Amino acid sequence: MSNKTLDYLIIGPAYPYRGGISDTQHELAKALQEQGKTVKLITFTTLYPEFLFPGSSPLSLAKAPKAIIIKQYIHAYLPFGWKKVAKKINELNPTTVVFRYYTPFLAPVYGVIAKNINSLIKKIALVDNWIPHETKIWDSFLNIYFGKQMDGFTTLSDNVARQVKKDSLKPVWTGFHPISSSLSDPINKSLARKRISVSEKTKVVLFFGLIRKYKGLELIIKAFNETPLNNNNIVLYIAGECYENPKKYIDLVTHLGISDRIIFDLTFKNSKEIALIFSASDIVAQTYHTATQSGVTPLAYFYQKPILVSNIKGLRTPIENDKTGEWTSKEPKEIAANIKNMLEDNNYMRYQKNLIKVKNDYLWSSFAKKWDTFIKTI
């Protein structure tokens with residue numbers, strides 16, 4: 001066997017795939033390389049069947065990330081080549097293979113690859129979601145199958161760590177969701193407002209990200225029909241690609257008669273568009289039905305926007321610890337009252353001061369150092 005020259009081989013979505021998982025794979029690799037580790041990424045040749053992908057395209061229009069080696073080797077759901085991938089990994093002989101796990105759909109491919117990797121190579125899961133937002137009866141079986149192949153687990157939130165510990169006695173590390181180091185800088189708020197055609201005198205509540213049923217968009221739409229939001233100069237800006245039929249949300253807005261205060265911008269956003277929309281906004285709302293953690297939270301932290309979240313452990317924990325916003329029940333009346341309260345000058349300034357204080361606690365460099373230290377103990 002050759003001498004080990006590769007510290008980490010990280011498997012999961014990466015360029016040319018788009019989205020938060022892919023972006024954070026790049027961020028982790030970059031942070032580890034900056035700390036002197038050798039890193040390569042393996043991603044998919046095919047990830048989902050076309051009929052299962054609800055968006056316009058899973059592929060990125062951006063340029064490939066610099067100074068990161070990414071190879072496309074894996075077909076996610078055709079098993080014929082999975083053992084060949086394991087053979088390639090054994091030839092590379094990394095110290096550690098990391099499996100980015102966010103859906104039980106990947107348990108079969110990851111499990112077969114892990115089973116056929118040399119036993120001297122450490123196998124670690126980096127888990128975004130353990131219990132899916134939209135559950136199936138076979139999820140638990142697939143999670144347990146995947147977990148049996150791992151030597152340890154790392155997570156992005158305490159909530160996910162607790163879920164994993166219920167199904168596995170192997171070591172579990174509780175991490176956090178870092179702030180991306182490659183986000184576009186904020187722009188002048190007045191300029192941003194002009195570009196989205198919203199008056200500077202108007203308050204803007206942002207609902208951002210891929211729109212799916214579990215994210216509770218209908219809750220905040222209904223809140224804009226409740227006192228005190230129904231008679232204030234406050235608008236809701238909904239930005240992100242819709243992974244379900246948007247008609248039900250548009251029809252709800254029409255039915256409530258609040259079309260003049262709801263802005264739909266239902267396309268996938270690149271880095272510059274994210275900077276524009278967050279710079280133009282006052283607060284960010286996440287009225288989700290379920291959640292483990294959210295990639296929207298570090299975006300709000302970077303652009304220093306206070307956050308209103310549903311009273312769910314996966315969302316509430318950082319907001320409560322850092323005092324960077326508020327949490328609410330899923331009742332539209334309470335959501336409306338909380339939004340109005342958060343926009344009061346004294347409260348708003350307090351949240352922003354706290355956002356500035358904690359921003360450096362969420363760096364990828366800090367995450368990578370703590371993550372690497374834990375893996376060495378396994």
# chains A, B, ... in the order shown; residues from 1 in each chain; ligands from 1

call {"tool": "closest_atom_pairs", "arguments": {"of": "stretch 210-325 of chain A", "to": "stretch 152-168 of chain A", "cutoff": "8 Å", "atoms": "only C-alpha atoms", "output": "CSV"}}
result
residue,atom,partner,partner_atom,distance
A:Thr292,CA,A:Asn159,CA,6.0
A:Gln293,CA,A:Ser157,CA,6.3
A:Lys313,CA,A:Asn159,CA,6.4
A:Gly314,CA,A:Asn159,CA,5.4

call {"tool": "select_by_dssp", "arguments": {"residues": "stretch 139-351 of chain A", "states": "helix (DSSP H, G or I)", "output": "VMD selection string"}}
result
chain A and resid 139 to 148 158 to 167 189 to 195 213 to 215 217 to 223 229 to 231 247 to 256 259 to 261 271 to 280 296 to 302 313 to 322 332 to 342 345 to 351

call {"tool": "atom_distance", "arguments": {"atom1": "atom CA of A:Gly257", "atom2": "atom CA of A:Arg195"}}
result
25.4 Å

call {"tool": "select_by_dssp", "arguments": {"residues": "stretch 298-332 of chain A", "states": "strand (DSSP E or B)", "output": "NGL selection string"}}
result
:A and (307-310 or 325-328)

call {"tool": "write_last_selection", "arguments": {"atoms": "C-alpha atoms", "output": "PDB file, in the first residue's frame"}}
result
ATOM      1  CA  ILE A 307     -33.852  36.791  12.275  1.00  0.00           C
ATOM      2  CA  LEU A 308     -37.327  35.628  13.243  1.00  0.00           C
ATOM      3  CA  VAL A 309     -37.547  31.830  13.459  1.00  0.00           C
ATOM      4  CA  SER A 310     -40.166  29.283  14.387  1.00  0.00           C
ATOM      5  CA  GLY A 325     -33.525  37.850  16.824  1.00  0.00           C
ATOM      6  CA  GLU A 326     -36.691  36.262  18.141  1.00  0.00           C
ATOM      7  CA  TRP A 327     -38.615  33.008  17.922  1.00  0.00           C
ATOM      8  CA  THR A 328     -42.319  32.569  17.445  1.00  0.00           C
TER       9      THR A 328
END

call {"tool": "residues_around", "arguments": {"residues": "stretch 107-116 of chain A", "least_positions_apart": "4", "cutoff": "9 Å", "atoms": "only C-alpha atoms", "output": "VMD selection string"}}
result
chain A and resid 11 74 to 79 82 to 87 89 to 90 97 99 101 103 123 142 to 150

call {"tool": "atom_distance", "arguments": {"atom1": "atom CA of A:Leu6", "atom2": "atom CA of A:Leu41"}}
result
11.1 Å

call {"tool": "closest_residue", "arguments": {"among": "A:Tyr214, A:Phe264, A:Trp138, A:Phe207", "to": "A:Lys305", "atoms": "only C-alpha atoms"}}
result
A:Phe207
